[in-house]
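See structure below.
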Amino acid sequence: MIPRAWGLGLGAWACLMLNTPTAQETKSVKAGVYTFEQAERGVALYKQKCASCHAPSRFTDEDLFIKPYAGKPLWEMFDVISDSMPEDDPGGMKPEEYAAVIAQLLRMNGFPTGQTELPTSKDALSLILFEKP
């Protein structure tokens, strides 16, 4: 027979384990991680904030854009862009605006749209893996 105190401890442990969130699975940018509407907002922002310094071909270039981020969480791209761009006002855009620009960059590389907008939080973006198109 299990002592009552030990049994209560075991029961509390079981409840804790059942209520603890499990590690979320990562997903690929190939799974549709942004919406069409979000990418459309990104087009306007790209033209306004990025195009004067960055030709669109820069963001579809294997060596300049794809390889540096391939196999890494999308958070790394978001972090670099939001910390350093636009060049004349680094970090000067809202997180949602950076996400919209990145959604457009994903669309430029042929990644499909999905039903939910690209998130802006580090935790959520860390679960999205950037892969080669």
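Chain labels A, B, ... are given in the sequence in which chains occur in the structure tokens; within each chain residues are numbered consecutively from 1, and ligands are likewise numbered from 1 in the order shown.
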
Non-local contacts of stretch 59-71 of chain A (12 Å; only C-alpha atoms; under 3 positions in same chain excluded) as a PyMOL selection string: chain A and resi 26-29+46+50-51+54-56+74-81+101-111+126-133

Contact residues around A:Glu87 with only C-alpha atoms at 10 Å, ignoring same-chain residues under 4 positions, as a PyMOL selection string: chain A and resi 49-50+53+81+83+91-92

Atoms kept (C-alpha atoms) for selection, written as a PDB file, in the first residue's frame:
```pdb
ATOM      1  CA  LYS A  49      10.821  51.560 -47.352  1.00  0.00           C
ATOM      2  CA  CYS A  50      13.072  49.058 -49.172  1.00  0.00           C
ATOM      3  CA  CYS A  53      18.227  50.454 -51.721  1.00  0.00           C
ATOM      4  CA  ILE A  81      15.636  42.905 -40.819  1.00  0.00           C
ATOM      5  CA  ASP A  83      17.092  45.539 -36.207  1.00  0.00           C
ATOM      6  CA  GLY A  91      13.872  49.389 -36.249  1.00  0.00           C
ATOM      7  CA  GLY A  92      11.577  52.260 -37.206  1.00  0.00           C
TER       8      GLY A  92
END
```

Residues flagged strand (DSSP E) by DSSP in stretch 7-120 of chain A, as a list in words: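 Output for stretch 7-120 of chain A, strand (DSSP E) only: Lys27, Ser28, Lys72 and Pro73 of chain A.
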
All alpha helix (DSSP H) positions in stretch 34-105 of chain A, as a ChimeraX atom specification: /A:36-45,67-69,74-84,95-105

For those residues, write N, CA and C atoms to a file as an mmCIF file, in the first residue's frame.
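Resulting contents of part33.cif:
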```cif
data_model
loop_
_atom_site.group_PDB
_atom_site.id
_atom_site.type_symbol
_atom_site.label_atom_id
_atom_site.label_comp_id
_atom_site.auth_asym_id
_atom_site.auth_seq_id
_atom_site.Cartn_x
_atom_site.Cartn_y
_atom_site.Cartn_z
ATOM 1 N N PHE A 36 -2.244 36.126 -48.157
ATOM 2 C CA PHE A 36 -2.161 36.940 -49.371
ATOM 3 C C PHE A 36 -2.258 38.419 -49.019
ATOM 4 N N GLU A 37 -3.213 38.758 -48.161
ATOM 5 C CA GLU A 37 -3.432 40.156 -47.776
ATOM 6 C C GLU A 37 -2.206 40.735 -47.069
ATOM 7 N N GLN A 38 -1.571 39.925 -46.242
ATOM 8 C CA GLN A 38 -0.376 40.383 -45.538
ATOM 9 C C GLN A 38 0.757 40.669 -46.534
ATOM 10 N N ALA A 39 0.930 39.804 -47.493
ATOM 11 C CA ALA A 39 1.959 40.022 -48.510
ATOM 12 C C ALA A 39 1.642 41.260 -49.349
ATOM 13 N N GLU A 40 0.376 41.501 -49.626
ATOM 14 C CA GLU A 40 -0.014 42.703 -50.368
ATOM 15 C C GLU A 40 0.373 43.964 -49.590
ATOM 16 N N ARG A 41 0.161 43.959 -48.277
ATOM 17 C CA ARG A 41 0.612 45.091 -47.459
ATOM 18 C C ARG A 41 2.133 45.215 -47.536
ATOM 19 N N GLY A 42 2.801 44.072 -47.611
ATOM 20 C CA GLY A 42 4.253 44.054 -47.720
ATOM 21 C C GLY A 42 4.755 44.665 -49.016
ATOM 22 N N VAL A 43 3.989 44.518 -50.107
ATOM 23 C CA VAL A 43 4.370 45.113 -51.389
ATOM 24 C C VAL A 43 4.469 46.635 -51.234
ATOM 25 N N ALA A 44 3.442 47.224 -50.662
ATOM 26 C CA ALA A 44 3.422 48.681 -50.496
ATOM 27 C C ALA A 44 4.560 49.140 -49.581
ATOM 28 N N LEU A 45 4.791 48.425 -48.505
ATOM 29 C CA LEU A 45 5.874 48.779 -47.582
ATOM 30 C C LEU A 45 7.236 48.611 -48.238
ATOM 31 N N LYS A 67 20.607 31.138 -49.104
ATOM 32 C CA LYS A 67 21.581 30.368 -48.316
ATOM 33 C C LYS A 67 21.784 30.883 -46.895
ATOM 34 N N PRO A 68 21.888 32.198 -46.687
ATOM 35 C CA PRO A 68 22.124 32.667 -45.314
ATOM 36 C C PRO A 68 21.025 32.285 -44.320
ATOM 37 N N TYR A 69 19.808 32.092 -44.808
ATOM 38 C CA TYR A 69 18.693 31.780 -43.901
ATOM 39 C C TYR A 69 18.194 30.336 -44.008
ATOM 40 N N LEU A 74 12.706 31.307 -38.905
ATOM 41 C CA LEU A 74 12.358 32.569 -39.538
ATOM 42 C C LEU A 74 12.614 33.750 -38.602
ATOM 43 N N TRP A 75 12.675 33.477 -37.309
ATOM 44 C CA TRP A 75 12.987 34.546 -36.353
ATOM 45 C C TRP A 75 14.315 35.211 -36.697
ATOM 46 N N GLU A 76 15.285 34.458 -37.178
ATOM 47 C CA GLU A 76 16.598 35.043 -37.490
ATOM 48 C C GLU A 76 16.470 36.096 -38.584
ATOM 49 N N MET A 77 15.679 35.820 -39.605
ATOM 50 C CA MET A 77 15.455 36.798 -40.664
ATOM 51 C C MET A 77 14.727 38.022 -40.105
ATOM 52 N N PHE A 78 13.686 37.779 -39.357
ATOM 53 C CA PHE A 78 12.895 38.866 -38.774
ATOM 54 C C PHE A 78 13.784 39.733 -37.886
ATOM 55 N N ASP A 79 14.610 39.114 -37.078
ATOM 56 C CA ASP A 79 15.475 39.835 -36.154
ATOM 57 C C ASP A 79 16.475 40.726 -36.900
ATOM 58 N N VAL A 80 17.119 40.169 -37.909
ATOM 59 C CA VAL A 80 18.100 40.941 -38.691
ATOM 60 C C VAL A 80 17.418 42.116 -39.387
ATOM 61 N N ILE A 81 16.310 41.850 -40.061
ATOM 62 C CA ILE A 81 15.636 42.905 -40.819
ATOM 63 C C ILE A 81 15.078 43.969 -39.888
ATOM 64 N N SER A 82 14.438 43.558 -38.805
ATOM 65 C CA SER A 82 13.819 44.544 -37.909
ATOM 66 C C SER A 82 14.855 45.345 -37.109
ATOM 67 N N ASP A 83 16.039 44.798 -36.912
ATOM 68 C CA ASP A 83 17.092 45.539 -36.207
ATOM 69 C C ASP A 83 17.882 46.471 -37.107
ATOM 70 N N SER A 84 17.922 46.190 -38.414
ATOM 71 C CA SER A 84 18.832 46.939 -39.281
ATOM 72 C C SER A 84 18.164 47.701 -40.425
ATOM 73 N N PRO A 95 6.306 45.960 -35.733
ATOM 74 C CA PRO A 95 6.539 44.527 -35.971
ATOM 75 C C PRO A 95 5.638 43.953 -37.061
ATOM 76 N N GLU A 96 4.382 44.395 -37.105
ATOM 77 C CA GLU A 96 3.454 43.904 -38.121
ATOM 78 C C GLU A 96 3.893 44.318 -39.517
ATOM 79 N N GLU A 97 4.547 45.482 -39.627
ATOM 80 C CA GLU A 97 5.028 45.937 -40.925
ATOM 81 C C GLU A 97 6.219 45.092 -41.378
ATOM 82 N N TYR A 98 7.125 44.784 -40.445
ATOM 83 C CA TYR A 98 8.242 43.907 -40.797
ATOM 84 C C TYR A 98 7.725 42.538 -41.230
ATOM 85 N N ALA A 99 6.717 42.027 -40.533
ATOM 86 C CA ALA A 99 6.148 40.720 -40.896
ATOM 87 C C ALA A 99 5.522 40.781 -42.287
ATOM 88 N N ALA A 100 4.883 41.894 -42.618
ATOM 89 C CA ALA A 100 4.272 42.041 -43.944
ATOM 90 C C ALA A 100 5.343 42.057 -45.037
ATOM 91 N N VAL A 101 6.447 42.751 -44.790
ATOM 92 C CA VAL A 101 7.539 42.773 -45.765
ATOM 93 C C VAL A 101 8.109 41.369 -45.941
ATOM 94 N N ILE A 102 8.307 40.660 -44.840
ATOM 95 C CA ILE A 102 8.831 39.291 -44.932
ATOM 96 C C ILE A 102 7.840 38.382 -45.652
ATOM 97 N N ALA A 103 6.545 38.589 -45.414
ATOM 98 C CA ALA A 103 5.532 37.816 -46.150
ATOM 99 C C ALA A 103 5.696 38.045 -47.654
ATOM 100 N N GLN A 104 5.936 39.282 -48.054
ATOM 101 C CA GLN A 104 6.151 39.564 -49.478
ATOM 102 C C GLN A 104 7.436 38.899 -49.970
ATOM 103 N N LEU A 105 8.485 38.898 -49.181
ATOM 104 C CA LEU A 105 9.728 38.225 -49.588
ATOM 105 C C LEU A 105 9.496 36.730 -49.765
#
```

Atom CA of A:Gln48 to atom CA of A:Asp89, straight-line distance in Å: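 Going from atom CA of A:Asp89 over to atom CA of A:Gln48, I get 12.7 Å.
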
Computed interatomic separation between atom CA of A:Asp88 and atom CA of A:Ser121 (Å): 24.0 Å

Point-to-point distance in Å for atom CA of A:Gln115 and atom CA of A:Ser57: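 Between atom CA of A:Ser57 and atom CA of A:Gln115 the gap is 26.8 Å.
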